[in-house]
Amino acid sequence: MASSALGPRVLLRKLREVMAEPELAQTRLDKIVTLIASNMVAEVCSIYVMRPGDVLELYASEGLNREAVHKSQLKSGEGLVGLIAQQAIGLNLTEAFDHPSFKYLPETGEEIYHSFLGVPIMRGGAVIGVLVVQNRTLRLYADEEEEALQTTAMVLAEVLASSGFLETARQIISGPTELRTQVVKGESLAEGVALGYVVLHEPRVRIQNMIAESIPLELTRVDDAINNLRQQVDELLDGSEAMSANESMDVLETIRMFAHDKGWLGRLKEAVQTGLTAEAAVERVQNDNRARMMRTPDPYLRERMHDLDDLSNRMLRHLTGAVATASRTDLPDNAIVVSRNMGPAELLDYDRSKVRGVILEEGGKTSHVAIVARALGIPAIGQATGLSNLVDDGTAIIIDGDTAEAYIRPSTELEKAYAEKVRFNASRQARYKELRDIPAITKDGLAITLNINAGLAVDMPHLHESGAAGVGLYRTELHFMMASRFPRLSTQIKHYRNILDQAAGKPVVFRTLDIGADKTLPYLRQPREENPALGWRSIRMALDRPALLKLQARAMLIAGTGADLKIMFPMIADVAEYVLCRDVVLNEQEILRKRGQALPKSLKMGAMIEIPSLLWQLDQLLPLVDFASVGSNDLVQFLFASDRGNPKLAGRYDPLSPAALGAMRQIVVKGQQHGKSVTLCGELGGRPLEAMGLVGVGLTAMSMVPSGIGPVKAMIRTVDQSKLWAFMEPLLNSGLHSIRSELTSFAKSQGVEV
Ligand code: PEP
Ligand code: MG
């Protein structure tokens with residue numbers, strides 16, 4: 001039996017000859033098993049192919065009874081062959097009968113064969129079959145033999161897929177729908193549901209030539225590709241390009257480490273020595289890595305598999321010249337983009353009229369791409385681990401951003417149910433649209449101003465579609481987060497001007513940079529902190545490094561030439577901080593005035609109330625501000641000392657509690673006393689029941705996600721504020737944990753739409 005690299009090389013060359021002959025698919029397989037058996041000096045060589053329903057069928061055999069071909073079947077997990085398929089690992093056994101999984105198939109006549117070597121046949125990360133050799137004698141196959149069989153299996157995968165067995169292979173991947181609906185659960189990044197077809201953000205590189213014509217040439221190709229790859233990664237890490245693609249430093253650092261790993265390069269070259277082309281060698285080594293990593297119990301190591309996949313894909317692109325990302329315009333009408341991760345700009349590059357959803361294998365709620373998905377109003381799921389290995393371009397899929405589930409190859413029933421849900425959502429939206437130009441006035445005549453929160457240019461059309469009064473919170477940090485470096489003055493001016501232009505006269509409140517904690521800038525190194533939410537962030541950073549705030553203020557003042565400019569400052573903890581911020585802006589205005597720069601028609605400044613200490617300084621603060629806006633996301637987090645991003649704490653404290661609503665009431669009353677407008681711009685405002693509680697305590701202005709405007713307006717038009725306050729007032733003095741159920745009952749009994 002061949003114990004040098006020559007064995008597989010000769011075998012691969014012969015395989016290529018067989019593949020080139022115009023044969024019937026079955027004849028070709030029969031020839032192949034004979035060839036492998038003789039090359040490997042084995043008495044048996046068999047190919048099992050995965051059929052729908054996870055059944056492995058004997059498709060060709062040299063040595064086993066011919067009658068068993070297309071008759072013998074094993075379920076995945078059943079017998080040695082089933083075990084190999086299920087676990088995607090090879091088995092090398094001196095005595096097959098001794099293995100606990102051994103299952104005797106009498107029709108094959110295999111009882112005379114003792115030693116057994118089997119490997120999975122993998123394609124695109126999925127097991128599509130099993131290749132086995134057997135011998136009569138009790139022998140342990142050498143590592144080189146196992147290697148050789150694995151290399152052969154790789155080539156065989158292409159043979160199966162390309163010579164008439166493609167249908168079978170396809171069925172494994174696409175599957176008859178009833179049999180194969182699979183669900184992957186992740187984390188919801190953006191709500192909503194959609195039905196469509198998978199578009200892989202990074203299309204798989206399909207390898208055309210598996211078998212090397214010249215080994216030295218392939219070795220040179222490996223060297224060239226690895227040098228190019230190393231150079232590319234170095235450039236990405238050194239330059240700022242990395243950020244535009246939103247590739248995190250960590251991932252790139254890991255990829256760089258692997259790209260310089262001698263072991264990896266060594267394995268690639270060994271694979272080429274067995275007769276594979278450079279690209280087939282990359283796939284071969286990656287298949288091994290994947291199989292190994294899938295078995296490790298260490299989640300950190302399993303995570304690294306993605307990095308290795310990334311590395312292999314980059315290498316394959318260098319070798320084949322394949323494009324890195326899906327065509328952004330030539331898409332199916334209902335495209336669901338699937339990716340390991342992606343940057344916000346990459347999502348924005350897609351034709352928006354065709355993208356219906358985004359599913360990421362990584363990516364959390366605060367990732368920038370999630371922010372963009374929400375801005376675009378498309379459902380998105382993150383942390384959908386393993387999904388891209390289960391789908392291909394064009395796979396039918398349903399994304400449910402509400403439950404964070406993706407249904408791959410949905411059954412007809414499921415499809416019907418979801419199509420109905422989509423129709424229902426559309427009709428509800430249509431109803432809210434009818435409310436667009438109707439004012440938000442309570443039954444007892446209290447007018448409530450409804451604004452939208454925004455942070456990107458793509459948010460702005462929602463302002464007009466929703467019929468909102470203006471933008472109550474423009475989160476300027478999003479523009480900074482999307483950029484690859486600090487936006488210069490001119491870039492900032494252009495951005496703010498664009499927003500004001502799009503607002504077409506409706507008011508916009510620009511909030512100065514609020515970075516830190518969960519909002520990070522890729523180009524800004526922040527010190528590691530024990531407690532980032534309570535750390536050096538937001539306005540604290542701005543006051544310590546005033547150049548940033550000055551630049552931003554200047555940009556806003558210039559962009560707001562001739563307009564009514566509104567600026568507010570986040571995370572103000574005391575009056576003195578507000579005064580410092582205000583003075584920075586006033587000072588910039590003075591400088592510009594002296595330079596003869598045209599200025600805004602009016603300038604109004606406000607403070608966000610999101611740090612509880614301000615609750616005891618309202619009498620001092622309110623006279624100094626033009627307006628105040630409650631950042632309830634942070635205020636509630638700090639009131640209850642409860643991390644807003646920690647899922648373990650979600651729901652533990654209710655904003656509809658006497659404490660939080662009592663604080664709101666206090667702010668509202670103080671605002672009235674000082675004659676200053678008070679609004680709220682946390683997420684609470686966009687949820688009808690919560691918004692009802694806020695209207696109850698007397699709040700008359702709110703800013704929210706655009707999709708909240710319709711439902712909240714419907715609530716407002718069906719509620720009587722004075723009745724509601726009379727109902728709520730005693731409850732705020734109760735010791736209840738939450739008054740949610742009481743408010744729900746009120747809404748029900750009074751016919752309030754929540
Ligand atoms: C808030 O804290 O409520 C708020 C609106 O600000 P952000 O969510 O951006 O921190
Ligand atoms: Mg905040």
# chains A, B, ... in the order shown; residues from 1 in each chain; ligands from 1
$ residues_near_ligand --ligand "ligand 2" --cutoff "9 Å" --atoms "only C-alpha atoms and all ligand atoms" --output "PyMOL selection string"
chain A and resi 514+570-571+608-611+630-635+681-682
$ select_by_dssp --residues "segment 418-619 of chain A" --states "strand (DSSP E or B)" --output "ChimeraX atom specification"
/A:441,447,449-454,471-475,508-511,516,519,564-569,602-609
$ residues_around --residues "Leu586 of chain A" --least-positions-apart "4" --cutoff "10 Å" --atoms "only C-alpha atoms" --output "ChimeraX atom specification"
/A:550,553-554,557,580-582,590-592,603,605
$ atom_distance --atom1 "atom CA of Gly186 of chain A" --atom2 "atom CA of Ile121 of chain A"
29.0 Å
$ closest_residue --among "A:Val719, A:Met481, A:Val509, A:Leu390" --to "Lys443 of chain A" --atoms "only C-alpha atoms"
A:Val719
$ atom_distance --atom1 "atom CA of Thr181 of chain A" --atom2 "atom CA of Pro410 of chain A"
5.0 Å
$ residues_around --residues "segment 472-474 of chain A" --least-positions-apart "3" --cutoff "9 Å" --atoms "only C-alpha atoms" --output "VMD selection string"
chain A and resid 450 to 456 469 477 507 to 512 568 629 679 to 681 701 to 704
